[in-house]
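Single-structure report; data block below.
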Protein chains: 2
Amino acid sequence: MNALPEYLIDEALKQSSAKNLRTASIREVVGIVHYLQAHSTLTFLRMDMGVPGLPTPEIGLAAEIKALQAGKSSLYANIDGLPELKSELARFAARFLDITIPARNCLVTAGAMMGSMIVCLLVARREKRRQGVLFIDPGFAIQKRQAQVAGIPQISFPIFSFRGEKLYPELKKQCMLHHVSVLIYSNPNNPTWICLTEKELESIGRVATELDIVAVEDLAYFGMDFRYDYSKPGVPPFQPTVAKYTAQYILLISSSKAFSYAGQRVGAMLVSNNLWNREFPHLLTYGDNALLGNALVQDGIYLLSAGTSHTAQFGLHAMLKASNDGTFNFLHHVHTYAERAKFMKFLFLKYGFRLVYDHDDKADLADGFYFTLTYPGMKTETLMKNLLRCGISCTSLQIMGSPENSGVRISVSMVSIGQYSEMEERLLTFQSLLAL
Amino acid sequence: MNALPEYLIDEALKQSSAKNLRTASIREVVGIVHYLQAHSTLTFLRMDMGVPGLPTPEIGLAAEIKALQAGKSSLYANIDGLPELKSELARFAARFLDITIPARNCLVTAGAMMGSMIVCLLVARREKRRQGVLFIDPGFAIQKRQAQVAGIPQISFPIFSFRGEKLYPELKKQCMLHHVSVLIYSNPNNPTWICLTEKELESIGRVATELDIVAVEDLAYFGMDFRYDYSKPGVPPFQPTVAKYTAQYILLISSSKAFSYAGQRVGAMLVSNNLWNREFPHLLTYGDNALLGNALVQDGIYLLSAGTSHTAQFGLHAMLKASNDGTFNFLHHVHTYAERAKFMKFLFLKYGFRLVYDHDDKADLADGFYFTLTYPGMKTETLMKNLLRCGISCTSLQIMGSPENSGVRISVSMVSIGQYSEMEERLLTFQSLLAL
């Protein structure tokens, strides 16, 4: 293959809202790829967005179609979600996380994104005296921008420097120092695919309890640490969660990856009963409800979108129910991501790339939805540009709060094993660019 | 029929998050109705929510099902919406509003609700020096709560005292006095069903232009002033709009009522090209984009929910396209609401009720989705309680910014003409309560 000329990348960047590749958001990178594809004959190997590359399970599709045929599309769903979906979410928490939560506390949102937005608008602002959000970094960049639009202060906590035993004292110190109200992290971690250990989750839970902070755990990649089999309902091991270690938790559940349902924007936030029932008078500044649980529904979900697609809720309900019943193995369905990660890492390493985050506390990193790459002696901007010239798109680690200025995130979901030789050809072209 | 005992209403209120009926939100009233139905044998005549009482047109359903079968549910839609839907929205604006707007500026949102939330978070805060929102009242209560959660000041402008010629000078005075940044109103008006005249829209547009204010026009009940036939694409008369009178507009389009698609949460905001292209450095406080158009997409829709149901966008696209082509008359489909309003008003007036807002500038009020009622000598709280005892639910006018303390809003959409005698029986019971 021939590499795209450099000026074409510059042109694509110019028509984008992004200032440069290093700081371009995921969606801006996507825009650049669309431009390059429209102005060349190249079809990209897309490693940018975390788009599920798998079809929605038939069981979900069938249920959504049935709901459409039953006339649900003309009717508003309840603001807090379809009652039967709420029940299955509670059951899902019992069977796959081994925790107990009332169905009432399982709120359906327009994607897990909406959950973290509501956290920033309401949970982080529940008290006047402290409204800081601490992000365990690297992390999902969009959540930081949510804090920004909500107008609340944020700080970044670099997890890689404080793993294991070091986590508790440092996290507590930072939370006290910065008047932290909420801490947010994803597990498995986007973009590095590190997975917090039970000991680390216990530390986070302990800090949350001791300082009356809310721990917000983003489970966008639920159960996808494939080193363990979390796929059997009601049988250990269970997806690790901070909910085992504190009563001050909010869990964000996404259907996008685990259920390949990204297009429909149906997620959930699971609010601990302890938090639900607390009254915060300062919340009356921003809404009509001091009781946190009511505020999340009436002053949160209602105001942002009045809920989410009625029929998609039936689809997710069917997939959750089958998973809870043990008649559908949702993790088996997505296990292919681990296999893709394996061959893609193999090829990148063969052509001189290195993993930025290559270990997980004391263990090897799992194969999953993402991994991180660097190329010796090459800064992020140049690395991304050279990859784009070879028809490979990825995203910068810097937009995810990584201190590395030479790393990128690779998302495996849109590349299939059948594209092995095509990928190798592109990496050969990448090598030839360096020789020039 | 027997009236429900008073204590049951008190009980229902007690388990609700509402403090009383007079200030209960629409969704809280719905909760109270659910409670009363669960604790009695009565099925309510629901006049509370503006739920479309009609099925989604077949053409929309078929397109959404087809999109599901084509695998769209697993894929994220573009943040700003499906390109073909954006094009049909621009065409809809040309054919039914007689205005020109680029497809790029037609943003797809998770319901029109999300549009006004983004207006409060970004448009109203585009400059540091003035961030006030003026609501032309009575209006849609939820939009005021959106301003509250965004933390911006709001003022109320009572339209009934300043109709016709009086509007321009008073509106301008109030906007200057209160440092108004954005003004919001719905037309046709929820809850009163008054419809602003061309002259009044011109006044609003003139104030917006002269003071550099953004006029946000909520067209939730598009074309439903049935005194005129707005149903022919490309043929006058057209749905009146402020967009004819100022380049400073944002129009909110809902699919909930006009297309009976409320469950799917797919709406749109149409942003004038003039506004889209302006840079506001203060927006960088809340996001990454100074250019207003980019901010609305990247710092607005993206952060709130990353868009809305992919397959529902195909459904709306099909309905809009058929409407634009003239092969489907969407207003004919919903004309039944006017007929329902007629018989319901007739019955209420027969049993001693009066309309609160009974004229429209100099003309008679149109029959449409809502009307307003009062009962001589009875305050809102008592009126709502007595109606609930007879199995009729409605909402208070006070939550909609009406100065009236004795009025309620009646939504016609969930009562059908076949329920005429049932409704009359309940009004007879209402009368008998007064005799006690």
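The chains in the structure tokens are called A, B, ... from first to last as shown; in each chain the residues are counted from 1, and the ligands are counted from 1 in the order shown.
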Inset, instruction - Just need the residues of chain A within 7 Å of chain B, counting only C-alpha atoms, so spit them out as a ChimeraX atom specification. - result: /A:51-52,55-56,61,65,68,71-77,110-111,113-114,117,142,145-146,148-149,151,260-265,286-287,303-305,308-310
Nearby residues (only C-alpha atoms) at most 7 Å from Val216 (chain B), same-chain spacing under 4 positions excluded, as a CSV table (one decimal) with C-alpha atoms, in the first residue's frame:
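Once written, out-v2.csv looks like this:
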```
chain,number,residue,atom,x,y,z
B,183,LEU,CA,-35.7,34.0,26.0
B,184,ILE,CA,-37.8,30.8,25.9
B,185,TYR,CA,-41.4,30.3,25.0
B,249,TYR,CA,-33.0,31.8,16.9
B,250,ILE,CA,-33.0,28.2,18.1
B,251,LEU,CA,-36.1,26.1,17.3
```
Legend entry - Long-range neighbours of Ala103 (chain B) as number ranges by chain, 9 Å cut-off, only C-alpha atoms, 6 positions minimum in chain: B: 83-91, 270
Restricted to N, CA, C and O atoms, what would the selected residues look like written as an mmCIF file, in the first residue's frame?
```cif
data_model
loop_
_atom_site.group_PDB
_atom_site.id
_atom_site.type_symbol
_atom_site.label_atom_id
_atom_site.label_comp_id
_atom_site.auth_asym_id
_atom_site.auth_seq_id
_atom_site.Cartn_x
_atom_site.Cartn_y
_atom_site.Cartn_z
ATOM 1 N N PRO B 83 -27.025 11.580 9.429
ATOM 2 C CA PRO B 83 -26.979 12.599 8.366
ATOM 3 C C PRO B 83 -28.289 12.722 7.585
ATOM 4 O O PRO B 83 -28.748 13.837 7.310
ATOM 5 N N GLU B 84 -28.917 11.592 7.248
ATOM 6 C CA GLU B 84 -30.147 11.706 6.449
ATOM 7 C C GLU B 84 -31.301 12.307 7.250
ATOM 8 O O GLU B 84 -32.179 12.967 6.692
ATOM 9 N N LEU B 85 -31.286 12.117 8.571
ATOM 10 C CA LEU B 85 -32.313 12.764 9.404
ATOM 11 C C LEU B 85 -32.073 14.270 9.454
ATOM 12 O O LEU B 85 -33.016 15.067 9.363
ATOM 13 N N LYS B 86 -30.810 14.664 9.567
ATOM 14 C CA LYS B 86 -30.478 16.088 9.586
ATOM 15 C C LYS B 86 -30.942 16.761 8.285
ATOM 16 O O LYS B 86 -31.503 17.865 8.320
ATOM 17 N N SER B 87 -30.754 16.086 7.173
ATOM 18 C CA SER B 87 -31.199 16.655 5.895
ATOM 19 C C SER B 87 -32.712 16.810 5.839
ATOM 20 O O SER B 87 -33.233 17.815 5.356
ATOM 21 N N GLU B 88 -33.423 15.789 6.346
ATOM 22 C CA GLU B 88 -34.896 15.886 6.313
ATOM 23 C C GLU B 88 -35.397 16.953 7.285
ATOM 24 O O GLU B 88 -36.427 17.572 7.044
ATOM 25 N N LEU B 89 -34.681 17.172 8.375
ATOM 26 C CA LEU B 89 -35.068 18.243 9.307
ATOM 27 C C LEU B 89 -34.934 19.602 8.623
ATOM 28 O O LEU B 89 -35.813 20.466 8.749
ATOM 29 N N ALA B 90 -33.854 19.774 7.876
ATOM 30 C CA ALA B 90 -33.667 21.041 7.154
ATOM 31 C C ALA B 90 -34.764 21.214 6.097
ATOM 32 O O ALA B 90 -35.306 22.311 5.918
ATOM 33 N N ARG B 91 -35.106 20.110 5.467
ATOM 34 C CA ARG B 91 -36.159 20.157 4.453
ATOM 35 C C ARG B 91 -37.525 20.429 5.103
ATOM 36 O O ARG B 91 -38.348 21.176 4.570
ATOM 37 N N LEU B 270 -32.836 23.293 16.050
ATOM 38 C CA LEU B 270 -32.415 23.925 14.801
ATOM 39 C C LEU B 270 -31.781 25.261 15.161
ATOM 40 O O LEU B 270 -32.448 26.137 15.702
#
```
Inset, instruction - Write down as a PyMOL selection string the residues belonging to region 301-421 of chain A that are assigned alpha helix (DSSP H) by DSSP computed on the backbone. - result: chain A and resi 302-305+310-325+330-334+336-350+380-389+420-421
Give me a file of those residues, with N, CA and C atoms, as a short mmCIF file (atom, residue, chain, number, x, y, z; two decimals), in the first residue's frame.
```
data_model
loop_
_atom_site.label_atom_id
_atom_site.label_comp_id
_atom_site.auth_asym_id
_atom_site.auth_seq_id
_atom_site.Cartn_x
_atom_site.Cartn_y
_atom_site.Cartn_z
N TYR A 302 -35.00 13.41 34.54
CA TYR A 302 -36.14 14.13 33.98
C TYR A 302 -35.68 15.35 33.18
N LEU A 303 -34.79 16.13 33.76
CA LEU A 303 -34.40 17.40 33.14
C LEU A 303 -33.47 17.21 31.95
N LEU A 304 -32.69 16.14 31.95
CA LEU A 304 -31.74 15.96 30.85
C LEU A 304 -32.39 15.39 29.60
N SER A 305 -33.33 14.47 29.76
CA SER A 305 -33.91 13.86 28.55
C SER A 305 -35.25 13.19 28.82
N HIS A 310 -37.96 3.95 25.03
CA HIS A 310 -38.84 3.00 25.70
C HIS A 310 -38.60 1.57 25.18
N THR A 311 -38.52 1.44 23.86
CA THR A 311 -38.42 0.09 23.31
C THR A 311 -37.04 -0.53 23.55
N ALA A 312 -35.99 0.31 23.58
CA ALA A 312 -34.65 -0.21 23.87
C ALA A 312 -34.59 -0.78 25.28
N GLN A 313 -35.41 -0.24 26.17
CA GLN A 313 -35.43 -0.76 27.55
C GLN A 313 -35.98 -2.19 27.57
N PHE A 314 -36.90 -2.48 26.68
CA PHE A 314 -37.37 -3.87 26.59
C PHE A 314 -36.27 -4.77 26.05
N GLY A 315 -35.49 -4.25 25.11
CA GLY A 315 -34.38 -5.03 24.56
C GLY A 315 -33.36 -5.37 25.63
N LEU A 316 -32.94 -4.36 26.41
CA LEU A 316 -31.95 -4.62 27.46
C LEU A 316 -32.54 -5.54 28.52
N HIS A 317 -33.82 -5.31 28.83
CA HIS A 317 -34.47 -6.18 29.81
C HIS A 317 -34.36 -7.65 29.42
N ALA A 318 -34.62 -7.95 28.16
CA ALA A 318 -34.59 -9.34 27.71
C ALA A 318 -33.18 -9.93 27.83
N MET A 319 -32.17 -9.12 27.47
CA MET A 319 -30.79 -9.62 27.54
C MET A 319 -30.34 -9.82 28.98
N LEU A 320 -30.74 -8.90 29.86
CA LEU A 320 -30.38 -9.06 31.27
C LEU A 320 -31.08 -10.27 31.87
N LYS A 321 -32.35 -10.43 31.56
CA LYS A 321 -33.12 -11.52 32.14
C LYS A 321 -32.49 -12.87 31.74
N ALA A 322 -32.18 -13.00 30.45
CA ALA A 322 -31.58 -14.25 29.98
C ALA A 322 -30.21 -14.47 30.64
N SER A 323 -29.46 -13.40 30.84
CA SER A 323 -28.16 -13.53 31.51
C SER A 323 -28.36 -13.96 32.96
N ASN A 324 -29.31 -13.32 33.63
CA ASN A 324 -29.58 -13.65 35.04
C ASN A 324 -30.10 -15.08 35.19
N ASP A 325 -30.91 -15.49 34.21
CA ASP A 325 -31.46 -16.85 34.24
C ASP A 325 -30.40 -17.89 33.88
N PHE A 330 -23.58 -13.59 28.21
CA PHE A 330 -23.22 -12.34 27.52
C PHE A 330 -21.71 -12.17 27.39
N LEU A 331 -20.94 -12.77 28.29
CA LEU A 331 -19.49 -12.61 28.21
C LEU A 331 -18.86 -13.52 27.15
N HIS A 332 -19.49 -14.66 26.96
CA HIS A 332 -19.06 -15.54 25.88
C HIS A 332 -19.18 -14.79 24.54
N HIS A 333 -20.28 -14.06 24.43
CA HIS A 333 -20.58 -13.30 23.21
C HIS A 333 -19.47 -12.30 22.87
N VAL A 334 -18.84 -11.70 23.88
CA VAL A 334 -17.85 -10.63 23.62
C VAL A 334 -16.40 -11.09 23.83
N THR A 336 -14.44 -12.56 21.99
CA THR A 336 -13.63 -12.32 20.79
C THR A 336 -12.73 -11.10 20.93
N TYR A 337 -13.15 -10.11 21.75
CA TYR A 337 -12.30 -8.92 21.92
C TYR A 337 -10.92 -9.30 22.48
N ALA A 338 -10.89 -10.27 23.37
CA ALA A 338 -9.61 -10.70 23.95
C ALA A 338 -8.73 -11.32 22.86
N GLU A 339 -9.35 -12.10 21.98
CA GLU A 339 -8.56 -12.73 20.91
C GLU A 339 -8.01 -11.69 19.93
N ARG A 340 -8.84 -10.67 19.66
CA ARG A 340 -8.36 -9.60 18.78
C ARG A 340 -7.19 -8.86 19.42
N ALA A 341 -7.32 -8.57 20.72
CA ALA A 341 -6.24 -7.85 21.42
C ALA A 341 -4.94 -8.62 21.29
N LYS A 342 -5.04 -9.96 21.41
CA LYS A 342 -3.85 -10.81 21.38
C LYS A 342 -3.11 -10.66 20.03
N PHE A 343 -3.84 -10.81 18.93
CA PHE A 343 -3.11 -10.77 17.64
C PHE A 343 -2.66 -9.36 17.29
N MET A 344 -3.43 -8.37 17.70
CA MET A 344 -3.03 -6.99 17.38
C MET A 344 -1.79 -6.58 18.18
N LYS A 345 -1.76 -6.94 19.46
CA LYS A 345 -0.56 -6.66 20.25
C LYS A 345 0.64 -7.35 19.63
N PHE A 346 0.45 -8.63 19.25
CA PHE A 346 1.55 -9.40 18.66
C PHE A 346 2.13 -8.67 17.45
N LEU A 347 1.26 -8.18 16.57
CA LEU A 347 1.73 -7.51 15.35
C LEU A 347 2.42 -6.18 15.65
N PHE A 348 1.81 -5.40 16.50
CA PHE A 348 2.42 -4.10 16.84
C PHE A 348 3.81 -4.30 17.45
N LEU A 349 3.91 -5.27 18.36
CA LEU A 349 5.20 -5.50 19.02
C LEU A 349 6.23 -6.00 18.02
N LYS A 350 5.78 -6.84 17.08
CA LYS A 350 6.66 -7.35 16.05
C LYS A 350 7.29 -6.21 15.23
N THR A 380 3.47 11.63 20.54
CA THR A 380 2.10 11.25 20.17
C THR A 380 1.64 11.84 18.84
N GLU A 381 1.90 13.14 18.66
CA GLU A 381 1.42 13.82 17.45
C GLU A 381 1.97 13.14 16.18
N THR A 382 3.27 12.87 16.19
CA THR A 382 3.91 12.24 15.02
C THR A 382 3.43 10.79 14.86
N LEU A 383 3.33 10.10 15.98
CA LEU A 383 2.88 8.71 15.94
C LEU A 383 1.48 8.61 15.33
N MET A 384 0.58 9.46 15.79
CA MET A 384 -0.79 9.42 15.26
C MET A 384 -0.82 9.80 13.79
N LYS A 385 -0.02 10.78 13.43
CA LYS A 385 0.01 11.24 12.05
C LYS A 385 0.52 10.13 11.12
N ASN A 386 1.63 9.49 11.54
CA ASN A 386 2.19 8.41 10.73
C ASN A 386 1.21 7.24 10.61
N LEU A 387 0.55 6.92 11.70
CA LEU A 387 -0.43 5.83 11.64
C LEU A 387 -1.59 6.20 10.71
N LEU A 388 -2.07 7.44 10.80
CA LEU A 388 -3.15 7.88 9.91
C LEU A 388 -2.72 7.77 8.44
N ARG A 389 -1.48 8.11 8.15
CA ARG A 389 -1.00 8.02 6.77
C ARG A 389 -1.06 6.58 6.27
N TYR A 420 -5.75 -9.61 9.59
CA TYR A 420 -4.38 -9.80 10.05
C TYR A 420 -3.36 -9.34 9.00
N SER A 421 -3.49 -9.85 7.78
CA SER A 421 -2.45 -9.55 6.78
C SER A 421 -2.56 -8.10 6.30
#
```
Inset, instruction - List the neighbours of region 159-173 of chain B out to 10 Å using only C-alpha atoms; skip same-chain residues closer than 5 positions along the sequence, and give me the result as a ChimeraX atom specification. - result: /B:134-139,178,180,183,185,194,196-208,210-211,357,359-362,402
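DSSP, applied to the backbone of this structure, assigns strand (DSSP E) to the following residues of region 301-408 of chain A: Arg354, Leu355, His359, Asp360, Ala363, Asp364, Tyr370, Phe371, Thr372, Leu373, Thr374, Ile392, Ser393, Thr395, Ser396, Gly407 and Val408 of chain A.
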Create the file for the chosen residues now, containing C-alpha atoms and written as a PDB file, in the first residue's frame.
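As a result, out_23.pdb now contains:
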```pdb
ATOM      1  CA  ARG A 354       5.861  -1.090  22.899  1.00  0.00           C
ATOM      2  CA  LEU A 355       2.994  -1.221  25.385  1.00  0.00           C
ATOM      3  CA  HIS A 359       1.546  -4.796  33.741  1.00  0.00           C
ATOM      4  CA  ASP A 360      -1.335  -4.867  36.205  1.00  0.00           C
ATOM      5  CA  ALA A 363       0.278  -9.520  37.259  1.00  0.00           C
ATOM      6  CA  ASP A 364       0.363  -9.439  33.456  1.00  0.00           C
ATOM      7  CA  TYR A 370      -8.172  -1.596  24.764  1.00  0.00           C
ATOM      8  CA  PHE A 371      -4.410  -1.459  25.079  1.00  0.00           C
ATOM      9  CA  THR A 372      -1.862   1.344  24.955  1.00  0.00           C
ATOM     10  CA  LEU A 373       1.069   1.791  22.573  1.00  0.00           C
ATOM     11  CA  THR A 374       4.147   3.868  22.059  1.00  0.00           C
ATOM     12  CA  ILE A 392      -4.725   3.259  11.082  1.00  0.00           C
ATOM     13  CA  SER A 393      -6.656   5.561  13.422  1.00  0.00           C
ATOM     14  CA  THR A 395      -6.617   8.187  20.002  1.00  0.00           C
ATOM     15  CA  SER A 396      -4.130  10.080  22.115  1.00  0.00           C
ATOM     16  CA  GLY A 407       1.288   7.152  23.903  1.00  0.00           C
ATOM     17  CA  VAL A 408      -1.879   6.212  22.086  1.00  0.00           C
TER      18      VAL A 408
END
```
Inset, instruction - Tell me, in Å to one decimal, how far CA of Ala3 (chain A) is from CA of Pro376 (chain A). - result: 20.5 Å
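Using only C-alpha atoms, the shortest contact distance between Phe328 (chain A) and any of A:Pro153, A:Ile9, A:Ile59, A:Lys19 is found at A:Ile59.
The gap separating CA of Asp80 (chain A) from CA of Leu107 (chain A) is 5.2 Å, in Å to one decimal.
Taking CA of Phe140 (chain A) and CA of Gln398 (chain A) as the two end points, the separation is 10.9 Å.
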